[in-house]
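Pasting protein.txt here (compact mmCIF, C-alpha atoms and all ligand atoms):
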```
# COMPACT_ATOMS: atom_id res chain seq x y z
CA MET A 228 -0.19 45.39 2.38
CA SER A 229 -1.56 44.96 5.93
CA LYS A 230 0.68 43.36 8.49
CA THR A 231 -0.36 40.17 10.28
CA VAL A 232 -0.12 39.18 13.93
CA LEU A 233 -0.67 35.70 15.36
CA ILE A 234 -1.66 35.77 19.04
CA THR A 235 -2.14 32.80 21.38
CA GLY A 236 -4.89 32.78 24.02
CA THR A 237 -7.24 35.43 22.60
CA SER A 238 -10.45 34.17 24.26
CA SER A 239 -10.09 36.68 27.11
CA GLY A 240 -7.91 39.17 28.95
CA ILE A 241 -4.66 40.48 27.50
CA GLY A 242 -4.84 38.27 24.39
CA GLU A 243 -8.32 39.48 23.47
CA ALA A 244 -7.50 43.15 24.15
CA THR A 245 -4.35 42.80 22.04
CA GLY A 246 -6.25 41.25 19.13
CA LYS A 247 -8.80 44.06 19.21
CA TYR A 248 -6.09 46.73 19.35
CA PHE A 249 -4.08 45.35 16.40
CA LEU A 250 -7.33 45.07 14.42
CA GLN A 251 -8.19 48.71 15.16
CA ARG A 252 -4.74 49.67 13.87
CA GLY A 253 -5.38 47.91 10.56
CA TRP A 254 -3.51 44.64 11.09
CA ASN A 255 -4.78 41.22 10.07
CA VAL A 256 -5.23 39.15 13.22
CA SER A 257 -4.89 35.41 13.62
CA ALA A 258 -6.69 35.29 16.96
CA THR A 259 -5.92 31.76 18.02
CA MET A 260 -7.62 30.11 20.97
CA ARG A 261 -8.01 26.59 22.26
CA ALA A 262 -11.83 26.84 22.10
CA PRO A 263 -12.77 29.08 19.12
CA ILE A 264 -16.39 28.93 20.31
CA LYS A 265 -15.31 31.58 22.82
CA ALA A 266 -14.42 34.05 20.04
CA GLY A 267 -15.96 37.47 20.71
CA ASP A 268 -17.94 39.57 18.19
CA TRP A 269 -14.83 41.62 17.42
CA THR A 270 -13.50 38.63 15.46
CA LYS A 271 -16.42 38.70 12.99
CA THR A 272 -14.59 40.49 10.19
CA GLU A 273 -12.59 39.28 7.22
CA LYS A 274 -9.42 40.68 8.78
CA VAL A 275 -9.61 38.15 11.63
CA ILE A 276 -9.46 34.37 11.71
CA CYS A 277 -9.73 32.21 14.83
CA PRO A 278 -7.79 28.99 14.34
CA ARG A 279 -7.90 26.48 17.17
CA LEU A 280 -4.54 26.49 18.93
CA ASP A 281 -3.82 24.73 22.19
CA VAL A 282 -0.19 25.48 23.03
CA THR A 283 0.18 22.01 24.58
CA SER A 284 -0.60 20.39 21.21
CA SER A 285 2.10 20.87 18.56
CA GLU A 286 -0.32 19.61 15.89
CA THR A 287 -2.77 22.46 16.55
CA ILE A 288 0.10 24.98 16.49
CA GLU A 289 1.23 23.70 13.11
CA ILE A 290 -2.28 23.80 11.64
CA ALA A 291 -2.96 27.29 13.04
CA VAL A 292 0.26 28.64 11.50
CA HIS A 293 -0.64 27.00 8.19
CA GLU A 294 -4.18 28.49 8.25
CA THR A 295 -2.74 31.92 8.97
CA ILE A 296 -0.37 31.73 6.02
CA MET A 297 -3.11 30.41 3.74
CA ARG A 298 -5.32 33.36 4.66
CA PHE A 299 -2.93 36.28 5.12
CA GLY A 300 0.32 35.08 3.52
CA ARG A 301 2.66 36.20 6.33
CA ILE A 302 3.21 36.57 10.08
CA ASP A 303 4.92 39.84 10.99
CA ALA A 304 4.51 39.44 14.73
CA LEU A 305 3.90 36.48 17.01
CA VAL A 306 2.46 37.24 20.45
CA ASN A 307 2.95 34.35 22.86
CA ASN A 308 0.33 35.27 25.41
CA ALA A 309 -1.46 32.04 26.45
CA GLY A 310 -0.77 31.09 30.04
CA TYR A 311 -2.09 30.60 33.53
CA ALA A 312 -0.76 30.52 37.08
CA LEU A 313 -0.37 27.42 39.21
CA MET A 314 -0.51 28.82 42.74
CA GLY A 315 0.11 27.20 46.11
CA PRO A 316 3.00 25.78 48.13
CA LEU A 317 5.54 23.74 46.19
CA GLU A 318 5.24 20.97 48.78
CA GLY A 319 1.63 20.43 47.70
CA VAL A 320 2.18 20.58 43.94
CA MET A 321 1.45 17.31 42.12
CA PRO A 322 3.97 16.36 39.40
CA GLU A 323 1.26 16.51 36.73
CA GLN A 324 0.26 20.02 37.85
CA LEU A 325 3.85 21.22 37.52
CA GLU A 326 4.21 19.50 34.14
CA ARG A 327 1.05 21.15 32.84
CA GLN A 328 2.23 24.53 34.08
CA PHE A 329 5.51 24.20 32.19
CA GLN A 330 3.87 22.64 29.12
CA THR A 331 1.58 25.66 28.81
CA ASN A 332 3.77 28.61 29.85
CA VAL A 333 7.18 27.45 28.58
CA PHE A 334 7.17 24.43 26.25
CA GLY A 335 4.06 25.66 24.41
CA LEU A 336 5.63 29.07 23.92
CA ALA A 337 8.90 27.51 22.68
CA SER A 338 7.06 25.21 20.32
CA THR A 339 4.98 28.06 18.87
CA ILE A 340 8.17 30.04 18.21
CA GLN A 341 9.71 27.00 16.47
CA LYS A 342 6.69 26.65 14.18
CA VAL A 343 6.57 30.37 13.28
CA LEU A 344 10.31 30.90 12.73
CA PRO A 345 10.46 29.28 9.25
CA VAL A 346 7.78 31.77 8.13
CA MET A 347 9.78 34.72 9.50
CA HIS A 348 12.97 33.40 7.87
CA ARG A 349 11.19 33.30 4.51
CA GLN A 350 9.99 36.87 5.01
CA GLY A 351 13.44 38.04 6.13
CA GLN A 352 11.96 39.75 9.19
CA GLY A 353 9.61 39.38 12.12
CA THR A 354 9.04 40.12 15.80
CA ILE A 355 8.48 37.56 18.55
CA ILE A 356 6.75 38.98 21.60
CA ASN A 357 6.68 36.83 24.71
CA VAL A 358 4.31 37.76 27.52
CA ALA A 359 6.22 37.04 30.72
CA SER A 360 5.37 39.04 33.86
CA ILE A 361 6.99 41.18 36.53
CA GLY A 362 6.87 37.72 38.12
CA GLY A 363 9.64 36.74 35.70
CA ARG A 364 11.99 39.22 37.41
CA LEU A 365 10.89 38.94 41.06
CA ALA A 366 8.84 36.48 43.12
CA PHE A 367 5.89 36.53 45.49
CA PRO A 368 5.05 33.79 48.00
CA LEU A 369 3.00 30.70 47.13
CA ALA A 370 3.61 31.04 43.40
CA SER A 371 6.89 29.16 42.95
CA SER A 372 5.62 27.06 40.02
CA TYR A 373 4.32 30.08 38.12
CA HIS A 374 7.44 32.14 38.79
CA ALA A 375 9.64 29.25 37.64
CA THR A 376 7.87 29.32 34.26
CA LYS A 377 8.03 33.09 33.84
CA TRP A 378 11.70 33.23 34.85
CA ALA A 379 12.24 30.51 32.23
CA VAL A 380 10.46 32.65 29.62
CA GLU A 381 12.76 35.56 30.50
CA GLY A 382 15.92 33.46 30.08
CA LEU A 383 14.69 31.80 26.90
CA SER A 384 13.79 35.16 25.36
CA GLU A 385 16.97 36.98 26.35
CA SER A 386 19.13 34.20 24.90
CA LEU A 387 17.01 33.86 21.76
CA ARG A 388 17.44 37.52 20.83
CA TYR A 389 21.15 36.90 20.16
CA GLU A 390 20.38 33.90 17.92
CA LEU A 391 17.81 35.74 15.84
CA ARG A 392 19.33 39.19 15.45
CA ARG A 393 21.33 38.18 12.36
CA PHE A 394 18.05 37.17 10.67
CA ASN A 395 16.37 40.54 11.34
CA ILE A 396 13.97 38.81 13.75
CA LEU A 397 13.50 40.72 17.01
CA VAL A 398 12.54 39.32 20.39
CA LYS A 399 10.57 41.36 22.91
CA ILE A 400 9.51 40.53 26.46
CA ILE A 401 6.35 42.02 27.97
CA GLU A 402 6.33 42.11 31.77
CA PRO A 403 2.89 43.24 32.94
CA GLY A 404 2.19 44.05 36.56
CA GLY A 405 -1.17 42.98 38.03
CA ILE A 406 -3.95 43.29 35.40
CA LYS A 407 -7.68 42.76 35.78
CA THR A 408 -8.49 39.70 33.64
CA ASN A 409 -9.73 36.17 34.34
CA PHE A 410 -6.20 35.34 35.38
CA ILE A 411 -6.19 35.97 39.13
CA ASN A 412 -9.52 34.56 40.22
CA HIS A 413 -10.60 32.12 37.49
CA GLY A 414 -7.53 31.52 35.33
CA SER A 415 -5.32 30.17 38.11
CA ALA A 416 -5.07 26.66 39.52
CA TRP A 417 -4.23 25.94 43.16
CA ALA A 418 -2.11 23.31 44.86
CA ASN A 419 -2.74 22.72 48.56
CA HIS A 420 -0.93 21.24 51.51
CA PRO A 421 -2.15 21.14 55.13
CA ASN A 422 1.05 22.80 56.44
CA TYR A 423 0.21 25.98 54.51
CA ALA A 424 -3.61 26.10 54.70
CA ASP A 425 -3.65 29.41 56.61
CA LEU A 426 -1.22 31.10 54.20
CA VAL A 427 -3.13 29.84 51.16
CA GLU A 428 -6.32 31.29 52.63
CA ARG A 429 -4.66 34.69 53.20
CA VAL A 430 -3.19 34.84 49.71
CA LYS A 431 -6.55 33.84 48.20
CA GLN A 432 -8.26 36.63 50.14
CA PHE A 433 -5.56 39.09 49.14
CA SER A 434 -5.90 38.14 45.45
CA ALA A 435 -9.71 38.26 45.46
CA GLY A 436 -9.62 41.76 46.97
CA LEU A 437 -6.91 42.90 44.59
CA ASN A 438 -8.52 42.10 41.25
CA ASP A 439 -11.10 44.91 41.22
CA SER A 440 -8.50 47.58 41.89
CA LEU A 441 -6.25 46.57 38.99
CA PRO A 442 -6.07 48.27 35.57
CA GLY A 443 -7.70 46.53 32.60
CA PRO A 444 -5.69 44.82 29.85
CA GLU A 445 -5.91 47.67 27.30
CA GLY A 446 -2.65 49.31 28.41
CA VAL A 447 -0.81 46.01 27.99
CA ALA A 448 -2.33 45.64 24.51
CA ARG A 449 -1.02 49.10 23.56
CA THR A 450 2.45 48.20 24.85
CA ILE A 451 2.45 44.95 22.87
CA TYR A 452 1.53 46.93 19.76
CA ARG A 453 4.32 49.39 20.46
CA ALA A 454 6.79 46.51 20.86
CA ALA A 455 5.59 44.95 17.59
CA ASN A 456 6.40 48.19 15.77
CA ASP A 457 9.65 48.94 17.60
CA ARG A 458 12.55 47.90 15.37
CA SER A 459 15.08 48.91 18.04
CA GLN A 460 16.95 46.30 20.07
CA ARG A 461 14.92 47.13 23.19
CA LEU A 462 14.08 43.82 24.88
CA ARG A 463 11.83 44.54 27.88
CA TYR A 464 8.58 46.49 28.31
CA SER A 465 6.73 46.50 31.62
CA PRO A 466 3.22 47.94 31.40
CA HIS A 467 1.86 48.67 34.90
CA GLY A 468 4.87 46.92 36.40
CA GLU A 469 7.68 49.46 36.39
CA ALA A 470 7.13 50.75 39.94
CA PHE A 471 7.37 47.22 41.38
CA LEU A 472 10.50 46.43 39.39
CA LEU A 473 12.12 49.69 40.49
CA MET A 474 11.32 49.06 44.16
CA TYR A 475 12.69 45.53 43.86
CA LYS A 476 15.88 46.91 42.36
CA ILE A 477 16.57 49.72 44.79
CA LEU A 478 15.25 48.51 48.15
CA PRO A 479 17.47 46.46 50.45
CA ASP A 480 16.38 42.81 50.33
CA SER A 481 15.30 42.79 53.99
CA LEU A 482 12.96 45.76 53.45
CA TRP A 483 11.53 44.30 50.22
CA ARG A 484 10.90 40.97 51.97
CA SER A 485 9.13 42.56 54.89
CA LEU A 486 6.94 44.68 52.55
CA VAL A 487 5.92 41.60 50.52
CA THR A 488 5.24 39.56 53.68
CA ARG A 489 3.12 42.33 55.15
CA MET A 490 1.25 42.90 51.89
CA MET A 491 0.40 39.25 51.26
CA PHE A 492 0.22 37.71 54.72
CA GLY A 493 -0.96 40.76 56.63
CA SER A 494 1.93 40.73 59.14
CA LYS A 495 5.70 41.19 59.22
CA LYS A 496 6.21 37.52 60.11
CA GLN A 497 4.24 34.62 58.66
N1 LIG B 501 -3.40 39.29 34.55
C1 LIG B 501 -2.24 39.51 35.14
O1 LIG B 501 -2.18 40.06 36.26
C2 LIG B 501 -0.97 39.11 34.46
C3 LIG B 501 0.23 39.68 34.91
C4 LIG B 501 1.42 39.32 34.29
C5 LIG B 501 1.41 38.42 33.24
N2 LIG B 501 0.23 37.88 32.83
C6 LIG B 501 0.29 36.93 31.71
O2 LIG B 501 -0.58 37.36 30.69
C7 LIG B 501 -0.97 36.24 29.89
C8 LIG B 501 -2.46 36.32 29.63
O3 LIG B 501 -3.16 36.21 30.85
P1 LIG B 501 -4.48 37.07 31.17
O4 LIG B 501 -4.18 37.91 32.34
O5 LIG B 501 -5.02 37.69 29.96
O6 LIG B 501 -5.44 35.89 31.71
P2 LIG B 501 -6.72 35.18 31.09
O7 LIG B 501 -7.81 36.17 30.87
O8 LIG B 501 -6.98 34.02 31.99
O9 LIG B 501 -6.23 34.67 29.65
C9 LIG B 501 -5.40 33.56 29.50
C10 LIG B 501 -5.55 33.04 28.11
O10 LIG B 501 -4.65 31.93 27.93
C11 LIG B 501 -5.39 30.88 27.31
N3 LIG B 501 -4.82 29.56 27.57
C12 LIG B 501 -4.61 28.92 28.74
N4 LIG B 501 -4.08 27.70 28.51
C13 LIG B 501 -3.96 27.58 27.15
C14 LIG B 501 -3.51 26.57 26.27
N5 LIG B 501 -3.07 25.39 26.74
N6 LIG B 501 -3.52 26.80 24.95
C15 LIG B 501 -3.96 27.99 24.44
N7 LIG B 501 -4.46 28.96 25.20
C16 LIG B 501 -4.44 28.76 26.55
C17 LIG B 501 -6.79 31.02 27.91
O11 LIG B 501 -7.70 30.28 27.10
P3 LIG B 501 -9.04 29.55 27.66
O12 LIG B 501 -10.13 30.57 27.57
O13 LIG B 501 -9.23 28.41 26.73
O14 LIG B 501 -8.74 29.12 29.08
C18 LIG B 501 -6.96 32.52 27.81
O15 LIG B 501 -7.31 32.91 26.50
C19 LIG B 501 -0.52 34.99 30.66
O16 LIG B 501 0.66 34.48 30.05
C20 LIG B 501 -0.20 35.53 32.05
O17 LIG B 501 0.80 34.77 32.70
C21 LIG B 501 -0.96 38.21 33.40
```
Starting from the coordinates I provided, produce the structure as structure tokens.
Ligand SMILES: NC(=O)c1ccc[n+]([C@@H]2O[C@H](COP(=O)([O-])OP(=O)(O)OC[C@H]3O[C@@H](n4cnc5c(N)ncnc54)[C@H](OP(=O)(O)O)[C@@H]3O)[C@@H](O)[C@H]2O)c1
Amino acid sequence: MSKTVLITGTSSGIGEATGKYFLQRGWNVSATMRAPIKAGDWTKTEKVICPRLDVTSSETIEIAVHETIMRFGRIDALVNNAGYALMGPLEGVMPEQLERQFQTNVFGLASTIQKVLPVMHRQGQGTIINVASIGGRLAFPLASSYHATKWAVEGLSESLRYELRRFNILVKIIEPGGIKTNFINHGSAWANHPNYADLVERVKQFSAGLNDSLPGPEGVARTIYRAANDRSQRLRYSPHGEAFLLMYKILPDSLWRSLVTRMMFGSKKQ
């Protein structure tokens, strides 16, 4: 019997590439998205369904899980991929912007896990794959809100693995480095504050220039597939992010800080 994956946020980027890759490998795919009208041609096969799922609406999560079970009978892997970045200085972030950032990247992910777990308990096995970021292990300037959510995903996932091990349900964290998707230029939201206008401008220029040089999402999709099939206790996988994580680990803090400042602000001092 084919295995089934439920993925959040498959309208573009890493989610879409992951759906396509699992499909190519013979899995059934519940390619959820908040606007199924965006579903690409790759979904037009009987092995794929596209339930509407907005991670900020627990009702849509529940219905999407139900539709998946009705169609495929099981969920072997859940890929919590939906997310976006709220960028900009914390001083300029509106409370509702911060709430939305957490509702999407953290509470939505937690809620989706809660709705899928009863299915995995019934099956006696499953794998939960949470897409965090290298930004869940280190931090760049003007992204405090986003980093706060991805660090939260790291902590949630690492703790959860202990709870679920006795049920044969594995937890995996995917920590991509920079990937060319809608994420950097169109998928992010910005907060502003006059005290930081020059820095915001520099980071926006840096990001716009960066996107074209980044790898596409296919490598991340392959890593997610590998994680879904890896029954070992390995927790973290960092496609296109390992070099950054290694530098962060081995460089003295002062050197790391000056590299990041130079890279993003174009000078040693801001
Ligand atoms: N690209 C990178 O450099 C990078 C690096 C590290 C980690 N990541 C992480 O990778 C994940 C995927 O991002 P991506 O790079 O593939 O960007 P993307 O192309 O912008 O895709 C983001 C996906 O999330 C969906 N989404 C946003 N809010 C949602 C909600 N409330 N409910 C359901 N779906 C929602 C979007 O759907 P709509 O089409 O409806 O907006 C879209 O399908 C994110 O968690 C991101 O933090 C990305």
Task: Shell of 9 Å around Val346 (chain A), all atoms listed in the file, local chain residues under 5 positions omitted, as JSON, numbers by chain - done: {"A": [292, 296, 301, 302, 351, 353]}
Task: Selection within 6 Å of ligand LIG 501 (chain B) by all atoms listed in the file, output as a ChimeraX atom specification - done: /A:235-242,260-262,280-283,308-311,331,358-360,403-410,414
Keeping C-alpha atoms, export the residues of the selection given above as a short mmCIF file (atom, residue, chain, number, x, y, z; two decimals), in the frame of the given file.
```
data_model
loop_
_atom_site.label_atom_id
_atom_site.label_comp_id
_atom_site.auth_asym_id
_atom_site.auth_seq_id
_atom_site.Cartn_x
_atom_site.Cartn_y
_atom_site.Cartn_z
CA THR A 235 -2.14 32.80 21.38
CA GLY A 236 -4.89 32.78 24.02
CA THR A 237 -7.24 35.43 22.60
CA SER A 238 -10.45 34.17 24.26
CA SER A 239 -10.09 36.68 27.11
CA GLY A 240 -7.91 39.17 28.95
CA ILE A 241 -4.66 40.48 27.50
CA GLY A 242 -4.84 38.27 24.39
CA MET A 260 -7.62 30.11 20.97
CA ARG A 261 -8.01 26.59 22.26
CA ALA A 262 -11.83 26.84 22.10
CA LEU A 280 -4.54 26.49 18.93
CA ASP A 281 -3.82 24.73 22.19
CA VAL A 282 -0.19 25.48 23.03
CA THR A 283 0.18 22.01 24.58
CA ASN A 308 0.33 35.27 25.41
CA ALA A 309 -1.46 32.04 26.45
CA GLY A 310 -0.77 31.09 30.04
CA TYR A 311 -2.09 30.60 33.53
CA THR A 331 1.58 25.66 28.81
CA VAL A 358 4.31 37.76 27.52
CA ALA A 359 6.22 37.04 30.72
CA SER A 360 5.37 39.04 33.86
CA PRO A 403 2.89 43.24 32.94
CA GLY A 404 2.19 44.05 36.56
CA GLY A 405 -1.17 42.98 38.03
CA ILE A 406 -3.95 43.29 35.40
CA LYS A 407 -7.68 42.76 35.78
CA THR A 408 -8.49 39.70 33.64
CA ASN A 409 -9.73 36.17 34.34
CA PHE A 410 -6.20 35.34 35.38
CA GLY A 414 -7.53 31.52 35.33
#
```
How would you write as a PDB file with C-alpha atoms, in the frame of the given file the residues that get within 12 Å of (1.2, 22.7, 56.6) in the file's frame, counting only C-alpha atoms?
```
ATOM      1  CA  GLY A 315       0.110  27.200  46.110  1.00  0.00           C
ATOM      2  CA  PRO A 316       3.000  25.780  48.130  1.00  0.00           C
ATOM      3  CA  LEU A 317       5.540  23.740  46.190  1.00  0.00           C
ATOM      4  CA  GLU A 318       5.240  20.970  48.780  1.00  0.00           C
ATOM      5  CA  GLY A 319       1.630  20.430  47.700  1.00  0.00           C
ATOM      6  CA  ASN A 419      -2.740  22.720  48.560  1.00  0.00           C
ATOM      7  CA  HIS A 420      -0.930  21.240  51.510  1.00  0.00           C
ATOM      8  CA  PRO A 421      -2.150  21.140  55.130  1.00  0.00           C
ATOM      9  CA  ASN A 422       1.050  22.800  56.440  1.00  0.00           C
ATOM     10  CA  TYR A 423       0.210  25.980  54.510  1.00  0.00           C
ATOM     11  CA  ALA A 424      -3.610  26.100  54.700  1.00  0.00           C
ATOM     12  CA  ASP A 425      -3.650  29.410  56.610  1.00  0.00           C
ATOM     13  CA  LEU A 426      -1.220  31.100  54.200  1.00  0.00           C
ATOM     14  CA  VAL A 427      -3.130  29.840  51.160  1.00  0.00           C
TER      15      VAL A 427
END
```
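When only C-alpha atoms are used to measure the gap to Gln330 (chain A), the shortest distance among A:Leu387, A:Leu313, A:Ile396, A:Cys277 belongs to A:Leu313.
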TODO: Rank nothing, just name the residue among A:Ala435, A:Val232, A:Ile411, A:Leu383 nearest to Val343 (chain A), using all atoms listed in the file.
DONE: A:Val232
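Distances to Val306 (chain A) were evaluated for A:Ile234, A:Leu482, A:Ile477, A:Ile276 using only C-alpha atoms, and the minimum falls at A:Ile234.
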Would you compute, for all listed atoms of region 285-294 of chain A, the axis-aligned bounding box grown by 6 Å on each side, and then report its centre and edge lengths in Å rounded to one decimal, as JSON?
```
{"center_x": -1.0, "center_y": 24.1, "center_z": 13.4, "size_x": 18.3, "size_y": 21.0, "size_z": 22.4}
```
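Each of A:Ser440, A:Ser465, A:Ser285, A:Ser372 was compared to Arg453 (chain A) using all atoms listed in the file, and A:Ser465 turns out to be the nearest.
Using all atoms listed in the file, the shortest contact distance between Thr488 (chain A) and any of A:His293, A:Arg429, A:Lys247, A:Lys342 is found at A:Arg429.
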Task: Shortest interatomic distance to Gln341 (chain A) - which of A:Leu369, A:Phe299, A:Phe329, A:Glu289, counting only C-alpha atoms - done: A:Glu289
Open item on the list: Counting all atoms listed in the file, I want the residues whose atoms come within 6 Å of (-5.8, 27.8, 40.5) in the file frame, returned as a ChimeraX atom specification.
Closed with: /A:313-314,415-417
Return region 413-424 of chain A, completed with N, CA and C atoms, as a compact mmCIF listing (two decimals), keeping the file's coordinate frame.
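File produced: result-v7.txt:
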```txt
# COMPACT_ATOMS: atom_id res chain seq x y z
N HIS A 413 -10.07 33.31 38.17
CA HIS A 413 -10.60 32.12 37.49
C HIS A 413 -9.54 31.38 36.70
N GLY A 414 -8.51 32.13 36.22
CA GLY A 414 -7.53 31.52 35.33
C GLY A 414 -6.44 30.75 36.06
N SER A 415 -6.41 30.84 37.41
CA SER A 415 -5.32 30.17 38.11
C SER A 415 -5.77 28.84 38.71
N ALA A 416 -4.80 27.95 38.88
CA ALA A 416 -5.07 26.66 39.52
C ALA A 416 -4.35 26.68 40.87
N TRP A 417 -4.85 25.93 41.83
CA TRP A 417 -4.23 25.94 43.16
C TRP A 417 -3.76 24.55 43.58
N ALA A 418 -2.59 24.53 44.19
CA ALA A 418 -2.11 23.31 44.86
C ALA A 418 -2.26 23.57 46.36
N ASN A 419 -2.55 22.53 47.12
CA ASN A 419 -2.74 22.72 48.56
C ASN A 419 -1.88 21.75 49.35
N HIS A 420 -1.63 22.12 50.59
CA HIS A 420 -0.93 21.24 51.51
C HIS A 420 -1.32 21.68 52.91
N PRO A 421 -1.64 20.73 53.82
CA PRO A 421 -2.15 21.14 55.13
C PRO A 421 -1.20 22.06 55.91
N ASN A 422 0.10 21.95 55.70
CA ASN A 422 1.05 22.80 56.44
C ASN A 422 0.89 24.28 56.12
N TYR A 423 0.25 24.58 54.97
CA TYR A 423 0.21 25.98 54.51
C TYR A 423 -1.23 26.50 54.37
N ALA A 424 -2.19 25.75 54.94
CA ALA A 424 -3.61 26.10 54.70
C ALA A 424 -3.91 27.56 55.07
```
